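J.: Contents are mmCIF, C-alpha atoms; file name upload-v8.cif:
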data_my_file
#
loop_
_atom_site.group_PDB
_atom_site.id
_atom_site.type_symbol
_atom_site.label_atom_id
_atom_site.label_comp_id
_atom_site.auth_asym_id
_atom_site.auth_seq_id
_atom_site.Cartn_x
_atom_site.Cartn_y
_atom_site.Cartn_z
ATOM 1 C CA SER A 1 106.317 106.195 102.622
ATOM 2 C CA TYR A 2 108.626 103.489 103.926
ATOM 3 C CA MET A 3 111.882 105.135 102.851
ATOM 4 C CA ALA A 4 110.797 108.590 104.031
ATOM 5 C CA VAL A 5 110.237 107.257 107.543
ATOM 6 C CA GLY A 6 113.232 104.902 107.664
ATOM 7 C CA PRO A 7 116.106 107.343 108.372
ATOM 8 C CA SER A 8 114.427 109.117 111.298
ATOM 9 C CA LEU A 9 112.298 106.323 112.756
ATOM 10 C CA VAL A 10 114.990 105.101 115.133
ATOM 11 C CA PHE A 11 115.402 108.581 116.640
ATOM 12 C CA TYR A 12 111.632 109.014 116.856
ATOM 13 C CA ILE A 13 111.316 105.738 118.777
ATOM 14 C CA GLN A 14 114.140 106.790 121.082
ATOM 15 C CA SER A 15 112.471 110.130 121.801
ATOM 16 C CA LEU A 16 109.280 108.259 122.744
ATOM 17 C CA GLY A 17 111.133 106.019 125.184
ATOM 18 C CA GLY A 18 111.260 102.921 122.997
ATOM 19 C CA THR A 19 113.719 100.049 123.101
ATOM 20 C CA LYS A 20 115.640 98.461 120.262
ATOM 21 C CA GLU A 21 113.177 95.543 120.279
ATOM 22 C CA GLN A 22 110.246 97.940 119.926
ATOM 23 C CA TYR A 23 112.073 99.735 117.133
ATOM 24 C CA GLY A 24 112.540 96.460 115.259
ATOM 25 C CA LEU A 25 108.860 95.596 115.706
ATOM 26 C CA ILE A 26 107.635 98.985 114.495
ATOM 27 C CA LEU A 27 110.093 99.014 111.597
ATOM 28 C CA SER A 28 108.900 95.642 110.295
ATOM 29 C CA SER A 29 105.189 96.308 110.922
ATOM 30 C CA PHE A 30 104.874 98.387 107.747
ATOM 31 C CA SER A 31 106.084 95.578 105.459
ATOM 32 C CA LEU A 32 104.043 92.981 107.349
ATOM 33 C CA ALA A 33 100.821 94.944 106.876
ATOM 34 C CA ALA A 34 101.592 95.516 103.198
ATOM 35 C CA PHE A 35 102.243 91.785 102.695
ATOM 36 C CA PHE A 36 98.792 90.795 103.962
ATOM 37 C CA SER A 37 96.962 93.721 102.352
ATOM 38 C CA LYS A 38 98.165 93.424 98.762
ATOM 39 C CA PRO A 39 96.259 90.223 97.889
ATOM 40 C CA PHE A 40 93.105 91.638 99.461
ATOM 41 C CA LEU A 41 93.330 94.925 97.555
ATOM 42 C CA GLY A 42 94.020 93.069 94.309
ATOM 43 C CA TRP A 43 90.987 90.848 94.874
ATOM 44 C CA TRP A 44 88.854 93.895 95.712
ATOM 45 C CA SER A 45 89.963 95.717 92.571
ATOM 46 C CA ASP A 46 89.209 92.682 90.390
ATOM 47 C CA THR A 47 85.834 91.804 91.891
ATOM 48 C CA ARG A 48 84.463 95.276 92.644
ATOM 49 C CA THR A 49 86.085 98.508 91.449
ATOM 50 C CA PHE A 50 89.594 99.913 91.261
ATOM 51 C CA ARG A 51 88.512 103.291 92.632
ATOM 52 C CA GLN A 52 86.891 101.776 95.724
ATOM 53 C CA ALA A 53 90.011 99.781 96.555
ATOM 54 C CA TYR A 54 92.262 102.773 95.989
ATOM 55 C CA ALA A 55 90.102 105.145 98.051
ATOM 56 C CA PHE A 56 89.970 102.671 100.933
ATOM 57 C CA SER A 57 93.733 102.098 100.945
ATOM 58 C CA SER A 58 94.459 105.827 100.619
ATOM 59 C CA ALA A 59 92.313 106.508 103.682
ATOM 60 C CA PHE A 60 94.439 104.005 105.595
ATOM 61 C CA SER A 61 97.638 105.710 104.430
ATOM 62 C CA ILE A 62 96.390 109.137 105.496
ATOM 63 C CA MET A 63 95.265 107.838 108.882
ATOM 64 C CA GLY A 64 98.640 106.153 109.299
ATOM 65 C CA GLY A 65 100.391 109.473 108.757
ATOM 66 C CA LEU A 66 98.072 111.202 111.219
ATOM 67 C CA LEU A 67 98.759 108.632 113.932
ATOM 68 C CA TYR A 68 102.500 108.746 113.279
ATOM 69 C CA THR A 69 102.506 112.503 113.874
ATOM 70 C CA TRP A 70 99.995 112.422 116.722
ATOM 71 C CA ALA A 71 102.093 109.953 118.747
ATOM 72 C CA SER A 72 104.385 112.805 119.813
ATOM 73 C CA VAL A 73 101.514 114.365 121.780
ATOM 74 C CA PHE A 74 101.647 111.560 124.329
ATOM 75 C CA PRO A 75 104.305 111.323 127.042
ATOM 76 C CA PRO A 76 107.133 108.899 126.239
ATOM 77 C CA GLY A 77 106.032 105.364 126.981
ATOM 78 C CA ARG A 78 103.790 102.533 125.846
ATOM 79 C CA THR A 79 100.876 104.654 124.662
ATOM 80 C CA ALA A 80 103.003 106.795 122.340
ATOM 81 C CA LEU A 81 104.791 103.752 120.954
ATOM 82 C CA ALA A 82 101.498 101.901 120.450
ATOM 83 C CA VAL A 83 100.157 104.852 118.441
ATOM 84 C CA VAL A 84 103.264 104.797 116.239
ATOM 85 C CA LEU A 85 102.861 101.040 115.760
ATOM 86 C CA VAL A 86 99.224 101.329 114.726
ATOM 87 C CA GLY A 87 100.135 104.202 112.432
ATOM 88 C CA ARG A 88 102.794 102.151 110.671
ATOM 89 C CA LEU A 89 100.454 99.171 110.355
ATOM 90 C CA MET A 90 97.815 101.376 108.759
ATOM 91 C CA GLY A 91 100.445 103.004 106.568
ATOM 92 C CA GLY A 92 101.629 99.602 105.360
ATOM 93 C CA ALA A 93 98.091 98.447 104.646
ATOM 94 C CA GLY A 94 97.490 101.610 102.650
ATOM 95 C CA ALA A 95 100.821 101.476 100.823
ATOM 96 C CA ALA A 96 99.807 98.062 99.493
ATOM 97 C CA ASN A 97 97.852 100.009 96.880
ATOM 98 C CA ALA A 98 101.099 100.138 94.884
ATOM 99 C CA ALA A 99 99.970 96.765 93.527
ATOM 100 C CA LEU A 100 96.816 98.393 92.193
ATOM 101 C CA GLY A 101 98.892 100.285 89.646
ATOM 102 C CA PHE A 102 99.886 97.054 87.921
ATOM 103 C CA ALA A 103 96.298 95.795 88.121
ATOM 104 C CA TYR A 104 95.093 99.018 86.487
ATOM 105 C CA ILE A 105 97.587 98.639 83.638
ATOM 106 C CA ALA A 106 96.454 95.062 83.030
ATOM 107 C CA ARG A 107 92.846 96.209 82.625
ATOM 108 C CA ALA A 108 93.175 99.636 81.007
ATOM 109 C CA VAL A 109 96.265 99.518 78.765
ATOM 110 C CA PRO A 110 96.242 97.773 75.345
ATOM 111 C CA PRO A 111 98.388 94.598 75.148
ATOM 112 C CA LYS A 112 101.036 96.170 72.905
ATOM 113 C CA GLU A 113 101.626 98.980 75.412
ATOM 114 C CA ARG A 114 101.546 96.980 78.638
ATOM 115 C CA THR A 115 105.251 96.122 78.712
ATOM 116 C CA ILE A 116 106.436 99.718 78.531
ATOM 117 C CA ALA A 117 103.719 100.859 80.921
ATOM 118 C CA THR A 118 104.585 98.193 83.488
ATOM 119 C CA THR A 119 108.308 98.890 83.158
ATOM 120 C CA SER A 120 107.759 102.619 83.594
ATOM 121 C CA LEU A 121 105.643 102.059 86.687
ATOM 122 C CA ALA A 122 108.305 99.811 88.222
ATOM 123 C CA ALA A 123 110.982 102.412 87.447
ATOM 124 C CA ILE A 124 108.956 105.154 89.130
ATOM 125 C CA ARG A 125 108.603 102.958 92.210
ATOM 126 C CA VAL A 126 112.378 102.544 92.436
ATOM 127 C CA ILE A 127 112.858 106.300 92.019
ATOM 128 C CA GLY A 128 110.432 106.857 94.884
ATOM 129 C CA LEU A 129 112.385 104.431 97.078
ATOM 130 C CA ALA A 130 115.599 106.290 96.304
ATOM 131 C CA ALA A 131 114.129 109.760 96.838
ATOM 132 C CA GLY A 132 112.281 108.957 100.064
ATOM 133 C CA PRO A 133 115.208 109.410 102.475
ATOM 134 C CA ALA A 134 115.920 112.856 101.035
ATOM 135 C CA VAL A 135 112.675 114.091 102.608
ATOM 136 C CA ASN A 136 114.398 114.118 105.979
ATOM 137 C CA ALA A 137 117.023 116.560 104.742
ATOM 138 C CA PHE A 138 114.327 119.169 104.127
ATOM 139 C CA LEU A 139 112.809 118.636 107.579
ATOM 140 C CA LYS A 140 115.941 119.028 109.705
ATOM 141 C CA ASP A 141 115.120 122.628 110.651
ATOM 142 C CA VAL A 142 111.398 122.142 111.323
ATOM 143 C CA ASN A 143 110.441 123.549 114.725
ATOM 144 C CA PHE A 144 107.064 125.207 115.252
ATOM 145 C CA THR A 145 103.875 124.824 117.279
ATOM 146 C CA ILE A 146 100.237 124.779 116.137
ATOM 147 C CA PHE A 147 97.362 124.459 118.634
ATOM 148 C CA ASN A 148 99.791 123.466 121.386
ATOM 149 C CA MET A 149 101.200 120.672 119.236
ATOM 150 C CA LYS A 150 104.897 120.887 118.508
ATOM 151 C CA PHE A 151 106.221 119.855 115.127
ATOM 152 C CA ASP A 152 109.867 118.912 114.725
ATOM 153 C CA GLU A 153 112.115 117.033 112.324
ATOM 154 C CA LEU A 154 110.862 113.691 113.652
ATOM 155 C CA ASN A 155 107.064 113.881 113.730
ATOM 156 C CA SER A 156 106.818 116.199 110.705
ATOM 157 C CA VAL A 157 107.614 113.204 108.503
ATOM 158 C CA GLY A 158 104.053 112.073 109.164
ATOM 159 C CA VAL A 159 102.752 115.412 107.868
ATOM 160 C CA VAL A 160 104.690 114.912 104.628
ATOM 161 C CA LEU A 161 103.135 111.456 104.248
ATOM 162 C CA ILE A 162 99.656 112.917 104.737
ATOM 163 C CA ILE A 163 100.212 115.621 102.125
ATOM 164 C CA LEU A 164 101.710 113.257 99.547
ATOM 165 C CA ASN A 165 98.924 110.706 99.987
ATOM 166 C CA ILE A 166 96.233 113.375 99.626
ATOM 167 C CA ILE A 167 97.862 114.682 96.438
ATOM 168 C CA SER A 168 98.129 111.143 95.069
ATOM 169 C CA PHE A 169 94.496 110.431 95.933
ATOM 170 C CA VAL A 170 93.243 113.602 94.214
ATOM 171 C CA LEU A 171 95.273 112.926 91.073
ATOM 172 C CA VAL A 172 94.199 109.288 90.759
ATOM 173 C CA MET A 173 90.518 109.933 91.427
ATOM 174 C CA SER A 174 90.367 112.918 89.065
ATOM 175 C CA LEU A 175 92.522 111.661 86.191
ATOM 176 C CA LEU A 176 92.097 107.874 86.038
ATOM 177 C CA PRO A 177 88.705 106.553 84.923
ATOM 178 C CA GLU A 178 87.423 103.271 86.272
ATOM 179 C CA PRO A 179 88.682 100.471 83.971
ATOM 180 C CA GLN A 180 86.202 98.053 82.490
ATOM 181 C CA PRO A 181 85.568 94.818 84.429
ATOM 182 C CA TYR A 182 87.325 91.774 83.018
ATOM 183 C CA LYS A 183 84.117 90.260 81.670
ATOM 184 C CA LEU A 184 83.329 93.450 79.735
ATOM 185 C CA LEU A 185 86.722 93.870 78.079
ATOM 186 C CA ASP A 186 86.668 94.421 74.332
ATOM 187 C CA ASP A 187 86.010 91.147 72.515
ATOM 188 C CA GLY A 188 88.524 92.029 69.827
ATOM 189 C CA GLN A 189 91.233 92.441 72.439
ATOM 190 C CA GLN A 190 90.381 89.059 73.956
ATOM 191 C CA GLN A 191 90.463 87.367 70.571
ATOM 192 C CA GLN A 192 93.807 88.963 69.727
ATOM 193 C CA GLU A 193 95.375 87.737 72.975
ATOM 194 C CA THR A 194 93.862 84.278 72.501
ATOM 195 C CA LYS A 195 95.176 83.995 68.949
ATOM 196 C CA GLN A 196 98.647 85.031 70.026
ATOM 197 C CA ILE A 197 98.765 82.383 72.760
ATOM 198 C CA VAL A 198 97.434 79.675 70.479
ATOM 199 C CA ASP A 199 99.765 80.491 67.571
ATOM 200 C CA GLU A 200 102.784 80.194 69.837
ATOM 201 C CA LYS A 201 101.817 76.745 71.123
ATOM 202 C CA TYR A 202 100.313 74.923 68.133
ATOM 203 C CA ASN A 203 100.900 74.522 64.409
ATOM 204 C CA ASP A 204 98.106 72.161 63.537
ATOM 205 C CA VAL A 205 94.959 73.978 62.396
ATOM 206 C CA GLU A 206 92.551 71.623 64.117
ATOM 207 C CA ASP A 207 94.433 71.869 67.422
ATOM 208 C CA VAL A 208 94.464 75.631 67.070
ATOM 209 C CA LYS A 209 90.700 75.746 66.779
ATOM 210 C CA LYS A 210 90.233 73.455 69.765
ATOM 211 C CA GLU A 211 92.658 75.381 71.938
ATOM 212 C CA GLU A 212 91.121 78.710 70.862
ATOM 213 C CA ASP A 213 87.745 77.542 72.113
ATOM 214 C CA VAL A 214 89.240 76.436 75.412
ATOM 215 C CA VAL A 215 91.151 79.667 75.986
ATOM 216 C CA VAL A 216 88.183 81.872 75.175
ATOM 217 C CA GLU A 217 86.075 79.888 77.607
ATOM 218 C CA LYS A 218 88.671 80.437 80.328
ATOM 219 C CA ASP A 219 88.795 84.180 79.626
ATOM 220 C CA ASP A 220 85.011 84.449 79.915
ATOM 221 C CA GLY A 221 85.047 82.573 83.201
ATOM 222 C CA LEU A 222 88.010 84.310 84.840
ATOM 223 C CA ASP A 223 88.726 82.791 88.217
ATOM 224 C CA PRO A 224 91.219 84.825 90.276
ATOM 225 C CA SER A 225 91.215 82.383 93.194
ATOM 226 C CA PHE A 226 94.382 82.020 95.214
ATOM 227 C CA LEU A 227 94.740 78.306 94.408
ATOM 228 C CA ASN A 228 94.596 78.941 90.665
ATOM 229 C CA ILE A 229 97.274 81.621 90.978
ATOM 230 C CA ILE A 230 99.540 79.228 92.884
ATOM 231 C CA ALA A 231 98.926 76.520 90.278
ATOM 232 C CA ALA A 232 99.894 78.919 87.480
ATOM 233 C CA ILE A 233 103.104 79.899 89.280
ATOM 234 C CA LEU A 234 104.088 76.262 89.737
ATOM 235 C CA THR A 235 103.178 74.987 86.268
ATOM 236 C CA ASP A 236 103.676 77.855 83.802
ATOM 237 C CA LYS A 237 107.231 79.153 83.360
ATOM 238 C CA GLN A 238 105.948 82.344 81.743
ATOM 239 C CA VAL A 239 104.261 83.119 85.053
ATOM 240 C CA ALA A 240 106.811 81.545 87.382
ATOM 241 C CA VAL A 241 109.890 83.409 86.125
ATOM 242 C CA PRO A 242 108.464 86.950 86.565
ATOM 243 C CA PHE A 243 107.188 85.976 90.013
ATOM 244 C CA PHE A 244 110.638 84.648 90.950
ATOM 245 C CA THR A 245 112.456 87.780 89.776
ATOM 246 C CA LEU A 246 110.051 89.977 91.750
ATOM 247 C CA TYR A 247 110.605 87.762 94.776
ATOM 248 C CA VAL A 248 114.391 88.121 94.498
ATOM 249 C CA PHE A 249 114.161 91.907 94.156
ATOM 250 C CA ASN A 250 111.903 92.284 97.174
ATOM 251 C CA ALA A 251 113.921 89.764 99.194
ATOM 252 C CA ASN A 252 117.054 91.843 98.655
ATOM 253 C CA PHE A 253 115.174 94.944 99.685
ATOM 254 C CA GLN A 254 113.886 93.288 102.870
ATOM 255 C CA ILE A 255 117.393 92.112 103.770
ATOM 256 C CA VAL A 256 118.359 95.762 103.957
ATOM 257 C CA GLU A 257 115.365 96.378 106.218
ATOM 258 C CA ALA A 258 116.373 93.487 108.460
ATOM 259 C CA ALA A 259 119.841 94.988 108.846
ATOM 260 C CA LEU A 260 118.614 98.403 109.960
ATOM 261 C CA ALA A 261 117.666 97.404 113.499
ATOM 262 C CA PRO A 262 121.008 95.812 114.523
ATOM 263 C CA ALA A 263 122.939 98.531 112.680
ATOM 264 C CA ALA A 264 121.048 101.240 114.554
ATOM 265 C CA ALA A 265 121.541 99.457 117.864
ATOM 266 C CA ASP A 266 125.284 99.235 117.279
ATOM 267 C CA ALA A 267 125.644 102.824 116.050
ATOM 268 C CA LEU A 268 123.703 104.263 118.996
ATOM 269 C CA ASN A 269 125.161 101.916 121.629
ATOM 270 C CA TRP A 270 121.609 100.853 122.380
#
Once more with this new file: its structure as structure tokens, please.

T.:
Amino acid sequence: SYMAVGPSLVFYIQSLGGTKEQYGLILSSFSLAAFFSKPFLGWWSDTRTFRQAYAFSSAFSIMGGLLYTWASVFPPGRTALAVVLVGRLMGGAGAANAALGFAYIARAVPPKERTIATTSLAAIRVIGLAAGPAVNAFLKDVNFTIFNMKFDELNSVGVVLIILNIISFVLVMSLLPEPQPYKLLDDGQQQQETKQIVDEKYNDVEDVKKEEDVVVEKDDGLDPSFLNIIAAILTDKQVAVPFFTLYVFNANFQIVEAALAPAAADALNW
């Protein structure tokens, strides 16, 4: 979604009478909305159901695409730009459901297969980021009118987003069953994970038994609160290192985003 819009967004904003400051605001609104939405969607998936969280976020993504396309109906000015802004905010909030894929793997995939599943999902995400800009190449000749609404190479990107999100929604809801809640996970799986953790940390049999009891109690009383997550990041290197590497990857990606606005302004003599 983000990379499909990126190449043509600056020209879309220009056609709607926007300034370089408004372009920068609209460009960053997608990532801002995704940043605040991901923790909420993760909490929703953990405490209620995965399918509810995914359906809700998909509806936001589809509405974001609709607003992005619909903005071209308005005359150039504040109203059209405001519609684009709201559309990108909704699109970012919906695109935060990318985090739900990792949550689904954690709940539905056996421990031995989680590494390859998580790696494959991350690889697919990168492929999507790389392929997104190519969408614009297929839209360069779009020029038609339906019900007095003109579609061109700029606003038709929103139509592509709508179609892709609908396809994704249908596939997920029809092919992926709702994973079991954490408290109902298979006891054998919990015991296997507990034993693995304990065996790595302790050699003494008595300490192993004590720690096993403690770990099982923690698993049964899973607390996904924000403070506990922060504490784990700060105190457990096995949690902190993956978080740091993800932070570095996304920070590099956002640096590219931050450079788009001044680069566009310079290239277009804005």

J.: Just want the 9 Å neighbourhood of A:Leu66, counted on all atoms listed in the file, with same-chain residues fewer than 2 positions away dropped. Output as a PyMOL selection string.

T.: chain A and resi 61-64+68-71+87+158-159+161-162

J.: One number please: atom CA of A:Phe11 to atom CA of A:Trp270, in Å, one decimal.

T.: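 Atom-to-atom, atom CA of A:Phe11 and atom CA of A:Trp270 are spaced 11.5 Å apart.
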
J.: Around (116.3, 100.6, 118.7), as given in the file, which residues come within 9 Å? Count only C-alpha atoms and list them as an mmCIF file with C-alpha atoms, keeping the file's coordinate frame.

T.:
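Produced file result-v7.cif, reproduced below:
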data_model
loop_
_atom_site.group_PDB
_atom_site.id
_atom_site.type_symbol
_atom_site.label_atom_id
_atom_site.label_comp_id
_atom_site.auth_asym_id
_atom_site.auth_seq_id
_atom_site.Cartn_x
_atom_site.Cartn_y
_atom_site.Cartn_z
ATOM 1 C CA VAL A 10 114.990 105.101 115.133
ATOM 2 C CA PHE A 11 115.402 108.581 116.640
ATOM 3 C CA ILE A 13 111.316 105.738 118.777
ATOM 4 C CA GLN A 14 114.140 106.790 121.082
ATOM 5 C CA GLY A 18 111.260 102.921 122.997
ATOM 6 C CA THR A 19 113.719 100.049 123.101
ATOM 7 C CA LYS A 20 115.640 98.461 120.262
ATOM 8 C CA GLU A 21 113.177 95.543 120.279
ATOM 9 C CA GLN A 22 110.246 97.940 119.926
ATOM 10 C CA TYR A 23 112.073 99.735 117.133
ATOM 11 C CA GLY A 24 112.540 96.460 115.259
ATOM 12 C CA ALA A 261 117.666 97.404 113.499
ATOM 13 C CA PRO A 262 121.008 95.812 114.523
ATOM 14 C CA ALA A 264 121.048 101.240 114.554
ATOM 15 C CA ALA A 265 121.541 99.457 117.864
ATOM 16 C CA LEU A 268 123.703 104.263 118.996
ATOM 17 C CA TRP A 270 121.609 100.853 122.380
#

J.: In Å to one decimal, how far is atom CA of A:Pro179 from atom CA of A:Tyr104?

T.: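 Separating atom CA of A:Tyr104 from atom CA of A:Pro179 is a distance of 7.0 Å.
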
J.: Run the PyMOL selection byres ((chain A and resi 29-35) around 8) on the file and write out the hits as a PyMOL selection string.

T.: chain A and resi 2+25-28+36-39+85+88-96

J.: If you keep C-alpha atoms, can you produce a file of those selected residues as a tab-separated table (two decimals), keeping the file's coordinate frame?

T.:
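Saved result, part-v5.tsv, follows:
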chain	number	residue	atom	x	y	z
A	2	TYR	CA	108.63	103.49	103.93
A	25	LEU	CA	108.86	95.60	115.71
A	26	ILE	CA	107.64	98.98	114.50
A	27	LEU	CA	110.09	99.01	111.60
A	28	SER	CA	108.90	95.64	110.30
A	36	PHE	CA	98.79	90.80	103.96
A	37	SER	CA	96.96	93.72	102.35
A	38	LYS	CA	98.16	93.42	98.76
A	39	PRO	CA	96.26	90.22	97.89
A	85	LEU	CA	102.86	101.04	115.76
A	88	ARG	CA	102.79	102.15	110.67
A	89	LEU	CA	100.45	99.17	110.36
A	90	MET	CA	97.82	101.38	108.76
A	91	GLY	CA	100.44	103.00	106.57
A	92	GLY	CA	101.63	99.60	105.36
A	93	ALA	CA	98.09	98.45	104.65
A	94	GLY	CA	97.49	101.61	102.65
A	95	ALA	CA	100.82	101.48	100.82
A	96	ALA	CA	99.81	98.06	99.49

J.: Could you tell me how far atom CA of A:Ala131 sits from atom CA of A:Ser1, in Å to one decimal place?

T.: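 Straight-line distance from atom CA of A:Ser1 to atom CA of A:Ala131 works out to 10.4 Å.
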
J.: Here is a test: counting only C-alpha atoms, which residue of A:Arg78, A:Asn97, A:Arg107, A:Trp44 is nearest to A:Gln180?

T.: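 Selected residue with least distance to A:Gln180: A:Arg107.
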
J.: Using the chain letters and numbers from the file, which residues does the PyMOL selection byres ((chain A and resi 8) around 10) grab, as a list in words?

T.: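 Output of the PyMOL selection byres ((chain A and resi 8) around 10): Met3, Ala4, Val5, Gly6, Pro7, Leu9, Val10, Phe11, Tyr12, Ile13, Pro133, Asn136, Glu153, Leu154, Asn155 and Val157 of chain A.
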
J.: Can you write out as a tab-separated table which residues of stretch 84-133 of chain A fall within 12 Å of stretch 237-254 of chain A, alongside each residue's closest atom pair and its distance in Å to one decimal, counting all atoms listed in the file and ordering rows by chain and ascending residue number?

T.:
residue	atom	partner	partner_atom	distance
A:Ala122	CA	A:Leu246	CA	10.6
A:Val126	CA	A:Phe253	CA	10.9
A:Leu129	CA	A:Phe253	CA	10.2
A:Ala130	CA	A:Phe253	CA	11.8

J.: Pick the closest to A:Val172 from A:Ala53, A:Val142, A:Leu16, A:Ala134: which is it, counting only C-alpha atoms?

T.: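 Between A:Ala53, A:Val142, A:Leu16, A:Ala134, the residue approaching A:Val172 most closely is A:Ala53.
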
J.: Determine the residue set returned by the PyMOL selection byres ((chain A and resi 101) around 12) for the present structure, and present it as a PyMOL selection string.

T.: chain A and resi 38+41-42+45+50-51+53-54+95-100+102-109+114+117-122+124-125+172+176+179
